[in-house]
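Have a look at coords08.csv below; it lists CSV, C-alpha atoms and all ligand atoms.
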chain,number,residue,atom,x,y,z
A,1291,MET,CA,0.0,0.0,0.0
A,1292,GLY,CA,1.5,3.3,-1.1
A,1293,PRO,CA,1.2,6.5,0.9
A,1294,ASP,CA,-1.6,7.7,-1.5
A,1295,ALA,CA,-3.8,4.8,-0.4
A,1296,LEU,CA,-4.2,6.4,3.0
A,1297,SER,CA,-7.9,7.2,3.4
A,1298,ASP,CA,-9.2,10.7,3.1
A,1299,ARG,CA,-10.3,10.4,6.7
A,1300,ARG,CA,-6.7,9.9,7.8
A,1301,TRP,CA,-5.6,12.9,5.9
A,1302,GLU,CA,-8.4,14.9,7.5
A,1303,ARG,CA,-7.4,13.8,11.0
A,1304,ALA,CA,-3.8,14.7,10.4
A,1305,ARG,CA,-4.9,18.1,9.0
A,1306,ARG,CA,-7.0,18.8,12.1
A,1307,GLU,CA,-4.0,18.1,14.3
A,1308,LEU,CA,-1.9,20.5,12.3
A,1309,ILE,CA,-4.5,23.2,12.7
A,1310,GLU,CA,-4.6,22.5,16.4
A,1311,THR,CA,-0.8,23.0,16.6
A,1312,ILE,CA,-1.0,26.2,14.6
A,1313,ARG,CA,-3.7,27.5,17.0
A,1314,GLU,CA,-1.6,26.6,20.0
A,1315,ARG,CA,1.1,28.8,18.4
A,1316,GLY,CA,-1.1,31.8,18.7
A,1317,ILE,CA,-2.9,31.9,15.3
A,1318,ASP,CA,-6.5,32.6,16.2
A,1319,ASP,CA,-7.8,34.2,12.9
A,1320,LEU,CA,-10.7,31.9,11.9
A,1321,GLU,CA,-10.3,32.7,8.1
A,1322,ILE,CA,-6.7,31.6,8.3
A,1323,LEU,CA,-7.5,28.4,10.2
A,1324,ARG,CA,-10.2,27.7,7.6
A,1325,ALA,CA,-7.8,28.2,4.8
A,1326,PHE,CA,-5.5,25.5,6.4
A,1327,ASP,CA,-8.6,23.2,6.6
A,1328,LEU,CA,-9.5,23.8,2.9
A,1329,VAL,CA,-6.0,23.2,1.4
A,1330,PRO,CA,-4.7,19.6,1.4
A,1331,ARG,CA,-0.9,20.1,1.9
A,1332,HIS,CA,0.0,16.6,0.7
A,1333,LEU,CA,-1.2,17.5,-2.9
A,1334,PHE,CA,1.6,20.1,-3.0
A,1335,LEU,CA,4.4,17.8,-1.9
A,1336,PRO,CA,6.3,15.0,-3.7
A,1337,GLU,CA,4.8,11.6,-3.0
A,1338,ALA,CA,7.9,10.4,-1.2
A,1339,VAL,CA,7.2,12.8,1.6
A,1340,HIS,CA,3.4,12.5,1.7
A,1341,HIS,CA,3.6,10.7,5.1
A,1342,ARG,CA,5.1,13.9,6.5
A,1343,ALA,CA,2.7,16.3,4.8
A,1344,TYR,CA,0.9,17.4,8.0
A,1345,GLU,CA,3.9,17.8,10.3
A,1346,ASP,CA,4.5,21.3,11.4
A,1347,ALA,CA,7.9,21.3,9.7
A,1348,PRO,CA,9.7,22.4,6.6
A,1349,ILE,CA,9.6,19.5,4.0
A,1350,PRO,CA,12.0,19.0,1.1
A,1351,ILE,CA,10.4,19.5,-2.3
A,1352,GLY,CA,13.5,18.9,-4.6
A,1353,PHE,CA,16.0,21.3,-6.2
A,1354,GLY,CA,17.5,21.9,-2.8
A,1355,GLN,CA,14.3,23.8,-1.7
A,1356,THR,CA,11.8,23.2,1.1
A,1357,ALA,CA,8.1,23.9,1.7
A,1358,SER,CA,8.1,26.3,4.6
A,1359,GLN,CA,6.9,25.3,8.1
A,1360,PRO,CA,3.1,25.7,8.3
A,1361,SER,CA,2.9,27.6,11.6
A,1362,LEU,CA,5.4,30.1,10.2
A,1363,GLN,CA,3.3,30.5,7.1
A,1364,ALA,CA,0.3,31.0,9.4
A,1365,LEU,CA,2.3,33.7,11.2
A,1366,TYR,CA,3.0,35.4,7.8
A,1367,LEU,CA,-0.7,35.4,7.0
A,1368,GLN,CA,-1.8,36.7,10.4
A,1369,THR,CA,0.9,39.4,10.6
A,1370,LEU,CA,0.1,40.7,7.1
A,1371,GLY,CA,-3.7,40.8,7.9
A,1372,ILE,CA,-4.6,39.8,4.3
A,1373,GLY,CA,-8.2,40.9,3.4
A,1374,PRO,CA,-10.6,39.7,0.7
A,1375,ASN,CA,-9.9,42.7,-1.5
A,1376,ASP,CA,-6.1,42.5,-1.3
A,1377,ARG,CA,-3.8,41.9,-4.2
A,1378,VAL,CA,-0.8,39.9,-3.1
A,1379,LEU,CA,2.6,39.3,-4.4
A,1380,GLU,CA,4.5,36.1,-3.3
A,1381,VAL,CA,8.2,35.7,-4.0
A,1382,GLY,CA,9.2,32.0,-3.9
A,1383,THR,CA,6.2,29.9,-5.0
A,1384,GLY,CA,8.0,26.7,-4.1
A,1385,SER,CA,5.4,24.0,-3.6
A,1386,GLY,CA,2.5,26.4,-4.2
A,1387,TYR,CA,1.0,25.5,-0.8
A,1388,GLN,CA,1.3,29.0,0.6
A,1389,THR,CA,0.0,30.3,-2.7
A,1390,ALA,CA,-3.2,28.2,-2.3
A,1391,LEU,CA,-3.7,29.4,1.3
A,1392,LEU,CA,-3.3,33.0,0.1
A,1393,ALA,CA,-5.8,32.4,-2.7
A,1394,HIS,CA,-8.5,31.7,-0.1
A,1395,LEU,CA,-7.8,34.9,1.8
A,1396,ALA,CA,-7.0,37.5,-0.9
A,1397,ALA,CA,-8.7,38.8,-4.1
A,1398,HIS,CA,-5.8,37.8,-6.3
A,1399,VAL,CA,-2.3,36.2,-5.9
A,1400,TYR,CA,0.7,36.8,-8.1
A,1401,SER,CA,3.6,34.4,-7.4
A,1402,ILE,CA,7.1,34.2,-8.7
A,1403,GLU,CA,9.4,31.2,-8.6
A,1404,ARG,CA,12.9,31.0,-10.2
A,1405,VAL,CA,12.9,27.1,-10.6
A,1406,ARG,CA,10.7,26.4,-13.6
A,1407,GLU,CA,9.9,22.8,-12.6
A,1408,LEU,CA,8.6,23.9,-9.1
A,1409,SER,CA,6.4,26.4,-10.8
A,1410,VAL,CA,5.0,23.8,-13.2
A,1411,ARG,CA,4.3,21.4,-10.3
A,1412,ALA,CA,2.6,24.2,-8.3
A,1413,ARG,CA,0.4,25.1,-11.2
A,1414,ALA,CA,-0.6,21.4,-11.6
A,1415,ALA,CA,-1.7,21.2,-7.9
A,1416,LEU,CA,-3.5,24.6,-8.0
A,1417,ASP,CA,-5.4,23.5,-11.2
A,1418,ARG,CA,-6.3,20.1,-9.6
A,1419,LEU,CA,-7.9,22.1,-6.7
A,1420,ARG,CA,-9.5,24.5,-9.2
A,1421,VAL,CA,-7.9,27.6,-7.5
A,1422,PRO,CA,-8.9,30.3,-9.9
A,1423,ASN,CA,-7.3,33.5,-8.7
A,1424,VAL,CA,-3.5,32.8,-9.0
A,1425,ALA,CA,-1.0,34.0,-11.6
A,1426,LEU,CA,2.4,32.3,-11.6
A,1427,LEU,CA,5.6,33.6,-13.2
A,1428,VAL,CA,9.0,31.9,-13.7
A,1429,GLY,CA,11.7,34.4,-13.0
A,1430,ASP,CA,13.7,36.5,-10.5
A,1431,GLY,CA,11.3,37.7,-7.8
A,1432,THR,CA,13.8,40.2,-6.4
A,1433,VAL,CA,12.8,42.6,-9.0
A,1434,GLY,CA,9.1,42.1,-8.2
A,1435,TRP,CA,6.3,41.9,-10.9
A,1436,SER,CA,5.8,45.5,-12.0
A,1437,ARG,CA,3.0,44.6,-14.4
A,1438,TYR,CA,0.4,44.0,-11.7
A,1439,ALA,CA,1.9,46.4,-9.0
A,1440,PRO,CA,1.1,47.9,-6.6
A,1441,TYR,CA,0.4,45.2,-4.1
A,1442,ASP,CA,-1.4,45.4,-0.7
A,1443,ALA,CA,0.8,42.6,0.7
A,1444,ILE,CA,4.1,41.1,-0.4
A,1445,LEU,CA,5.4,37.8,1.1
A,1446,VAL,CA,9.0,36.8,0.5
A,1447,ALA,CA,9.6,33.2,1.3
A,1448,ALA,CA,13.4,33.1,1.0
A,1449,ALA,CA,16.2,34.9,2.9
A,1450,ALA,CA,17.6,38.1,1.5
A,1451,PRO,CA,20.9,39.8,2.3
A,1452,GLN,CA,19.1,43.1,2.1
A,1453,VAL,CA,15.6,44.4,1.2
A,1454,PRO,CA,15.2,44.5,-2.6
A,1455,PRO,CA,14.3,48.1,-3.4
A,1456,ALA,CA,11.9,47.1,-6.2
A,1457,LEU,CA,9.7,45.2,-3.8
A,1458,LEU,CA,9.3,48.2,-1.5
A,1459,ALA,CA,8.5,50.3,-4.6
A,1460,GLN,CA,5.7,47.9,-5.6
A,1461,LEU,CA,3.9,48.3,-2.2
A,1462,ALA,CA,0.6,50.1,-2.3
A,1463,PRO,CA,-0.1,52.9,0.2
A,1464,GLY,CA,-0.8,51.1,3.5
A,1465,GLY,CA,0.8,47.9,2.0
A,1466,ARG,CA,2.7,45.4,4.1
A,1467,MET,CA,5.7,43.2,3.3
A,1468,LEU,CA,7.2,40.3,5.3
A,1469,ILE,CA,10.8,39.4,4.4
A,1470,PRO,CA,13.6,37.4,6.1
A,1471,VAL,CA,16.7,39.5,6.1
A,1472,GLY,CA,20.2,38.6,7.3
A,1473,GLY,CA,22.8,35.9,6.8
A,1474,ARG,CA,22.6,32.6,4.9
A,1475,GLU,CA,22.0,30.6,8.1
A,1476,GLU,CA,19.8,32.8,10.2
A,1477,GLN,CA,17.6,35.9,9.6
A,1478,ARG,CA,15.3,38.4,11.2
A,1479,LEU,CA,11.8,38.3,9.8
A,1480,LEU,CA,11.0,42.0,9.1
A,1481,LEU,CA,7.6,43.6,8.6
A,1482,TYR,CA,7.6,46.7,6.4
A,1483,ARG,CA,4.6,49.0,6.0
A,1484,ARG,CA,4.2,51.8,3.5
A,1485,SER,CA,2.9,54.9,5.3
A,1486,GLY,CA,2.6,58.4,3.8
A,1487,GLU,CA,5.9,59.1,1.9
A,1488,GLY,CA,8.0,56.5,3.7
A,1489,PHE,CA,8.3,53.0,5.3
A,1490,GLU,CA,8.1,51.8,8.8
A,1491,HIS,CA,9.6,48.4,9.8
A,1492,GLU,CA,9.8,46.2,12.8
A,1493,GLU,CA,11.3,42.7,13.6
A,1494,VAL,CA,8.7,40.0,14.0
A,1495,THR,CA,10.8,37.0,14.9
A,1496,ARG,CA,14.0,35.1,14.1
A,1497,CYS,CA,13.9,32.6,11.3
A,1498,ALA,CA,15.9,30.4,8.9
A,1499,PHE,CA,14.9,30.3,5.2
A,1500,VAL,CA,16.6,29.0,2.1
A,1501,PRO,CA,18.5,31.8,0.3
A,1502,LEU,CA,16.8,34.3,-2.1
A,1503,LEU,CA,18.9,34.1,-5.2
A,1504,GLY,CA,18.9,36.8,-7.9
A,1505,ARG,CA,19.7,40.4,-8.8
A,1506,PHE,CA,18.9,41.9,-5.3
A,1507,GLY,CA,19.4,38.6,-3.5
A,1508,TRP,CA,22.4,36.3,-3.1
A,1509,ALA,CA,24.6,35.6,-6.1
A,1510,GLU,CA,23.6,32.4,-7.9
A,1601,LIG,N1,6.2,29.2,0.3
A,1601,LIG,C1,7.0,28.1,-0.4
A,1601,LIG,C2,8.4,28.3,0.0
A,1601,LIG,C3,9.4,27.6,-0.8
A,1601,LIG,S1,11.1,27.9,-0.4
A,1601,LIG,C4,6.5,26.8,0.1
A,1601,LIG,O1,6.0,26.7,1.2
A,1601,LIG,O2,6.5,25.8,-0.7
A,1601,LIG,C5,11.5,29.4,-1.2
A,1601,LIG,C6,11.4,29.3,-2.7
A,1601,LIG,O3,12.0,30.6,-3.2
A,1601,LIG,C7,12.2,28.2,-3.4
A,1601,LIG,O4,11.4,27.5,-4.2
A,1601,LIG,C8,13.2,29.0,-4.3
A,1601,LIG,O5,13.5,28.4,-5.5
A,1601,LIG,C9,12.5,30.3,-4.5
A,1601,LIG,N2,13.4,31.4,-4.8
A,1601,LIG,C10,14.6,31.7,-4.4
A,1601,LIG,N3,15.1,32.9,-4.9
A,1601,LIG,C11,14.1,33.3,-5.7
A,1601,LIG,C12,13.9,34.5,-6.6
A,1601,LIG,N4,14.8,35.4,-6.7
A,1601,LIG,N5,12.7,34.6,-7.2
A,1601,LIG,C13,11.8,33.7,-7.1
A,1601,LIG,N6,11.9,32.6,-6.4
A,1601,LIG,C14,13.0,32.4,-5.7
Output the file's structure as structure tokens, nothing else.
Amino acid sequence: MGPDALSDRRWERARRELIETIRERGIDDLEILRAFDLVPRHLFLPEAVHHRAYEDAPIPIGFGQTASQPSLQALYLQTLGIGPNDRVLEVGTGSGYQTALLAHLAAHVYSIERVRELSVRARAALDRLRVPNVALLVGDGTVGWSRYAPYDAILVAAAAPQVPPALLAQLAPGGRMLIPVGGREEQRLLLYRRSGEGFEHEEVTRCAFVPLLGRFGWAE
């Protein structure tokens, strides 16, 4: 019996436990918890790691990349306060799981991934779940996606040596951005907010993400 033969009920039970863990970590926004209930994480992961799909842990997805830890993704969503009219930019589609969560909370999601094969897989999973409001792009997300700017929220899911100026420039008035900034091993998760003519920022927590590679990221 392969991992796919696990019954739907078993997936559901595992998902409920994950949601409980996320709640224990201080995420109490019901729309966010509902999004975690609606999106089957295993469908975004390689079959070889399906049995680990509902662990609150980063999971390898190939190409040296990982799907981020769910409770950290929940913290992103809650900190950004995504609303139903928001247009959101995501840098680092990866598995597409966070993209699908966002699609339930926002009006439209634009997501950039530099590894073509990961973007292709994410698209397949999103289509399988009939998620309609997501546009994916293969390319360097450190320059943003000017075509659909400005964005009410920007999520960067990889660690930057500095804040890419193009991303700040693509924030709408009142827009928020979360980005891990620091060294290759450890970073500070920073929250930026565009207010008036300038930006405010604060540290949310410490974290460890895979590197953001590209023009305003680390050298490839
Ligand atoms: N939220 C995703 C996180 C994936 S890890 C998930 O949970 O699955 C971060 C991703 O960022 C990796 O897939 C990596 O390939 C991608 N990435 C790194 N640098 C990038 C860049 N400059 N532009 C777009 N994607 C980038």
Problem set entry | Within-8 Å residues of ligand LIG 1601 (chain A), basis all atoms listed in the file, as a ChimeraX atom specification | /A:1334,1348,1351,1353,1355-1360,1363,1380-1389,1402-1405,1408,1428-1433,1446-1448,1499-1507
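Atom pair atom CA of A:Cys1497 / atom CA of A:Val1424: separated by 26.7 Å.
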Exercise. Separation of atom CA of A:Phe1326 and atom CA of A:Leu1419, in Å?
Worked result: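 Going from atom CA of A:Phe1326 over to atom CA of A:Leu1419, I get 13.7 Å.
One distance worth recording is that between atom CA of A:Ala1390 and atom CA of A:Ala1509, which is 29.0 Å.
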Exercise. Taking (3.4, 19.7, -7.3) in the file's coordinates as the center, which residues reach within 7 Å of it, counting only C-alpha atoms, put as JSON, numbers by chain?
Worked result: {"A": [1333, 1334, 1335, 1336, 1385, 1408, 1411, 1412, 1414, 1415]}
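If all atoms listed in the file are the atoms counted, then among A:Ile1317, A:Leu1468, A:Ala1498, A:Leu1392 the closest residue to A:Gln1368 is A:Ile1317.
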Centre and size of axis-aligned box enclosing stretch 1319-1323 of chain A plus 6 Å each side, as JSON:
{"center_x": -8.7, "center_y": 31.3, "center_z": 10.5, "size_x": 16.0, "size_y": 17.8, "size_z": 16.8}
Exercise. With all atoms listed in the file as the basis for distance, which of A:Thr1495, A:Gln1452, A:Gln1460, A:Asn1423 is at the shortest distance from A:Arg1437?
Worked result: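 Nearest to A:Arg1437: A:Gln1460.
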Supply stretch 1417-1429 of chain A as a CSV table (one decimal), keeping the file's coordinate frame, with N, CA, C and O atoms built in where the input has gaps.
chain,number,residue,atom,x,y,z
A,1417,ASP,N,-4.3,23.8,-10.2
A,1417,ASP,CA,-5.4,23.5,-11.2
A,1417,ASP,C,-6.2,22.3,-10.7
A,1417,ASP,O,-7.4,22.3,-10.8
A,1418,ARG,N,-5.5,21.3,-10.1
A,1418,ARG,CA,-6.3,20.1,-9.6
A,1418,ARG,C,-7.3,20.6,-8.5
A,1418,ARG,O,-8.4,20.0,-8.5
A,1419,LEU,N,-7.0,21.6,-7.7
A,1419,LEU,CA,-7.9,22.1,-6.7
A,1419,LEU,C,-8.8,23.2,-7.2
A,1419,LEU,O,-9.6,23.8,-6.5
A,1420,ARG,N,-8.7,23.5,-8.5
A,1420,ARG,CA,-9.5,24.5,-9.2
A,1420,ARG,C,-9.4,25.9,-8.4
A,1420,ARG,O,-10.4,26.5,-8.2
A,1421,VAL,N,-8.2,26.2,-8.1
A,1421,VAL,CA,-7.9,27.6,-7.5
A,1421,VAL,C,-7.9,28.6,-8.7
A,1421,VAL,O,-7.0,28.5,-9.5
A,1422,PRO,N,-8.8,29.5,-8.7
A,1422,PRO,CA,-8.9,30.3,-9.9
A,1422,PRO,C,-8.1,31.6,-9.9
A,1422,PRO,O,-7.8,32.1,-11.0
A,1423,ASN,N,-7.7,32.2,-8.8
A,1423,ASN,CA,-7.3,33.5,-8.7
A,1423,ASN,C,-5.8,33.7,-8.5
A,1423,ASN,O,-5.3,34.5,-7.7
A,1424,VAL,N,-5.0,32.8,-9.2
A,1424,VAL,CA,-3.5,32.8,-9.0
A,1424,VAL,C,-2.9,32.9,-10.4
A,1424,VAL,O,-3.2,32.2,-11.3
A,1425,ALA,N,-1.9,33.9,-10.4
A,1425,ALA,CA,-1.0,34.0,-11.6
A,1425,ALA,C,0.4,33.6,-11.2
A,1425,ALA,O,0.9,34.1,-10.2
A,1426,LEU,N,1.0,32.7,-12.0
A,1426,LEU,CA,2.4,32.3,-11.6
A,1426,LEU,C,3.4,32.8,-12.7
A,1426,LEU,O,3.0,32.9,-13.9
A,1427,LEU,N,4.6,33.1,-12.3
A,1427,LEU,CA,5.6,33.6,-13.2
A,1427,LEU,C,6.9,32.9,-12.8
A,1427,LEU,O,7.2,32.7,-11.7
A,1428,VAL,N,7.6,32.5,-13.9
A,1428,VAL,CA,9.0,31.9,-13.7
A,1428,VAL,C,10.0,33.0,-13.9
A,1428,VAL,O,10.0,33.6,-15.0
A,1429,GLY,N,10.8,33.4,-12.9
A,1429,GLY,CA,11.7,34.4,-13.0
A,1429,GLY,C,12.3,34.9,-11.7
A,1429,GLY,O,12.1,34.2,-10.7
